[in-house]
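The block underneath contains the structure these notes are about, expressed in structure tokens.
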Amino acid sequence: MQLHIFVFDEELKSLRGQGTPIDLLPFYNGVSIVHACFVHGTEEILFVDSDAQARIFSLITLQPKYCPLHFPHTWIPEASL
């Protein structure tokens, strides 16, 4: 499982890949990511996995912040990314 980062140019007319893909497998082995959203004002992404666990992933350190939030499975609707 890999995370690819893309950026827009200053005029928001073109999109290009930035850097190399980030390997998420060491952090999400055995689960899949079912939801993701950006954390406003930061360089972080919130991932919710198939075990109903939410973790914030830092694009600066390239690692999750280990303060996972666990949800009842019934709170996490199925989705695919």
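Letters A, B, ... mark the chains of the structure tokens in the order given; residue numbers begin at 1 per chain; ligand numbers begin at 1, in order shown.
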### Task
Would you mind listing what lies within 10 Å of A:Asp51 as a ChimeraX atom specification, with only C-alpha atoms counted and same-chain residues fewer than 2 positions away left out?
/A:30-34,48-49,53-54,70-73,76
Report task. Excluding A:Cys37 and residues on its chain fewer than 6 positions from it, collect all residues at most 8 Å away from it, counting only C-alpha atoms, and give them as a VMD selection string. Result -> chain A and resid 45 to 47
Write a file of the just-selected residues containing N, CA and C atoms, as a PDB file, in the first residue's frame.
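Output below, filename result19.pdb:
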ATOM      1  N   ILE A  45      -2.509  13.797   7.309  1.00  0.00           N
ATOM      2  CA  ILE A  45      -3.702  13.145   6.773  1.00  0.00           C
ATOM      3  C   ILE A  45      -4.262  12.233   7.857  1.00  0.00           C
ATOM      4  N   LEU A  46      -5.567  12.265   8.039  1.00  0.00           N
ATOM      5  CA  LEU A  46      -6.240  11.347   8.956  1.00  0.00           C
ATOM      6  C   LEU A  46      -6.702  10.141   8.158  1.00  0.00           C
ATOM      7  N   PHE A  47      -6.255   8.952   8.555  1.00  0.00           N
ATOM      8  CA  PHE A  47      -6.677   7.707   7.928  1.00  0.00           C
ATOM      9  C   PHE A  47      -7.555   6.927   8.901  1.00  0.00           C
TER      10      PHE A  47
END
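By chain and then residue number, the residues within 6 Å of stretch 14-23 of chain A are Gln2, Leu3, His4, Ile5, Phe6, Val7, Phe8 and Asp9 of chain A, counting only C-alpha atoms and disregarding those fewer than 3 positions away in sequence.
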Discussion item. Let's see if you can do this: from backbone DSSP, list all strand (DSSP E or B) residues in chain A, as JSON, numbers by chain.
Written reply: {"A": [2, 3, 4, 5, 6, 7, 8, 15, 16, 17, 18, 19, 20, 21, 22, 23, 33, 34, 35, 36, 37, 38, 44, 45, 46, 47, 48, 49, 53, 54, 55, 56, 57, 58, 63, 64, 65, 66, 67, 68, 69, 70]}
Convert the current residue selection to file output with N, CA and C atoms, as a compact mmCIF listing (two decimals), in the first residue's frame.
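Output below, filename selection.txt:
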# COMPACT_ATOMS: atom_id res chain seq x y z
N GLN A 2 0.66 2.12 -0.95
CA GLN A 2 1.50 3.31 -1.08
C GLN A 2 0.66 4.58 -1.15
N LEU A 3 1.25 5.66 -0.66
CA LEU A 3 0.63 6.97 -0.72
C LEU A 3 1.42 7.80 -1.73
N HIS A 4 0.72 8.32 -2.74
CA HIS A 4 1.33 9.17 -3.75
C HIS A 4 0.89 10.61 -3.49
N ILE A 5 1.83 11.55 -3.51
CA ILE A 5 1.53 12.95 -3.26
C ILE A 5 1.56 13.70 -4.59
N PHE A 6 0.55 14.52 -4.82
CA PHE A 6 0.46 15.35 -6.01
C PHE A 6 0.26 16.80 -5.59
N VAL A 7 0.79 17.72 -6.39
CA VAL A 7 0.64 19.15 -6.11
C VAL A 7 0.19 19.87 -7.38
N PHE A 8 -0.60 20.94 -7.17
CA PHE A 8 -1.00 21.81 -8.26
C PHE A 8 0.06 22.88 -8.47
N LEU A 15 -1.38 19.39 -12.52
CA LEU A 15 -1.12 18.57 -11.34
C LEU A 15 0.08 17.69 -11.65
N ARG A 16 1.01 17.60 -10.69
CA ARG A 16 2.18 16.76 -10.92
C ARG A 16 2.54 15.99 -9.65
N GLY A 17 3.16 14.85 -9.84
CA GLY A 17 3.60 14.04 -8.71
C GLY A 17 4.76 14.71 -8.00
N GLN A 18 4.81 14.53 -6.68
CA GLN A 18 5.91 15.10 -5.91
C GLN A 18 6.59 14.00 -5.11
N GLY A 19 7.89 13.89 -5.27
CA GLY A 19 8.66 12.90 -4.52
C GLY A 19 8.34 11.48 -4.94
N THR A 20 8.76 10.56 -4.10
CA THR A 20 8.52 9.14 -4.35
C THR A 20 7.33 8.67 -3.52
N PRO A 21 6.68 7.59 -3.94
CA PRO A 21 5.56 7.07 -3.15
C PRO A 21 6.00 6.71 -1.73
N ILE A 22 5.10 6.90 -0.78
CA ILE A 22 5.38 6.59 0.62
C ILE A 22 4.78 5.22 0.92
N ASP A 23 5.60 4.31 1.42
CA ASP A 23 5.16 2.96 1.75
C ASP A 23 4.40 2.96 3.08
N ILE A 33 -7.19 0.98 4.23
CA ILE A 33 -7.65 2.32 4.58
C ILE A 33 -9.00 2.52 3.90
N VAL A 34 -10.01 2.87 4.68
CA VAL A 34 -11.36 3.02 4.12
C VAL A 34 -11.78 4.48 4.03
N HIS A 35 -11.15 5.37 4.80
CA HIS A 35 -11.45 6.80 4.74
C HIS A 35 -10.16 7.58 4.95
N ALA A 36 -10.11 8.76 4.35
CA ALA A 36 -8.95 9.64 4.52
C ALA A 36 -9.42 11.08 4.36
N CYS A 37 -8.79 11.98 5.12
CA CYS A 37 -9.04 13.41 4.94
C CYS A 37 -7.82 14.18 5.42
N PHE A 38 -7.66 15.37 4.87
CA PHE A 38 -6.55 16.22 5.28
C PHE A 38 -6.88 16.90 6.60
N GLU A 44 -0.68 16.89 7.37
CA GLU A 44 -1.08 15.60 7.95
C GLU A 44 -2.36 15.11 7.29
N ILE A 45 -2.51 13.80 7.31
CA ILE A 45 -3.70 13.15 6.77
C ILE A 45 -4.26 12.23 7.86
N LEU A 46 -5.57 12.27 8.04
CA LEU A 46 -6.24 11.35 8.96
C LEU A 46 -6.70 10.14 8.16
N PHE A 47 -6.26 8.95 8.55
CA PHE A 47 -6.68 7.71 7.93
C PHE A 47 -7.55 6.93 8.90
N VAL A 48 -8.64 6.35 8.40
CA VAL A 48 -9.45 5.42 9.18
C VAL A 48 -9.34 4.08 8.47
N ASP A 49 -8.93 3.04 9.21
CA ASP A 49 -8.70 1.75 8.57
C ASP A 49 -9.88 0.80 8.78
N GLN A 53 -9.97 2.03 13.23
CA GLN A 53 -8.96 2.76 13.99
C GLN A 53 -8.54 3.98 13.16
N ALA A 54 -8.55 5.16 13.79
CA ALA A 54 -8.15 6.39 13.11
C ALA A 54 -6.77 6.79 13.60
N ARG A 55 -5.92 7.15 12.64
CA ARG A 55 -4.57 7.62 12.97
C ARG A 55 -4.21 8.78 12.07
N ILE A 56 -3.45 9.72 12.60
CA ILE A 56 -2.97 10.85 11.82
C ILE A 56 -1.58 10.50 11.30
N PHE A 57 -1.40 10.68 9.99
CA PHE A 57 -0.13 10.40 9.34
C PHE A 57 0.54 11.72 8.98
N SER A 58 1.77 11.92 9.42
CA SER A 58 2.52 13.15 9.16
C SER A 58 3.27 13.04 7.84
N GLN A 63 5.50 9.26 9.15
CA GLN A 63 5.07 8.24 10.11
C GLN A 63 3.75 8.65 10.74
N PRO A 64 2.98 7.65 11.19
CA PRO A 64 1.75 8.00 11.90
C PRO A 64 2.07 8.49 13.31
N LYS A 65 1.20 9.33 13.81
CA LYS A 65 1.30 9.74 15.21
C LYS A 65 0.56 8.67 16.00
N TYR A 66 1.23 8.04 16.94
CA TYR A 66 0.62 6.90 17.63
C TYR A 66 -0.23 7.32 18.82
N CYS A 67 -1.36 7.84 18.48
CA CYS A 67 -2.41 8.07 19.47
C CYS A 67 -3.70 7.65 18.77
N PRO A 68 -3.81 6.35 18.46
CA PRO A 68 -4.95 5.90 17.66
C PRO A 68 -6.27 6.10 18.38
N LEU A 69 -7.28 6.33 17.60
CA LEU A 69 -8.65 6.50 18.08
C LEU A 69 -9.44 5.31 17.57
N HIS A 70 -10.08 4.58 18.46
CA HIS A 70 -10.84 3.40 18.07
C HIS A 70 -12.33 3.71 18.05
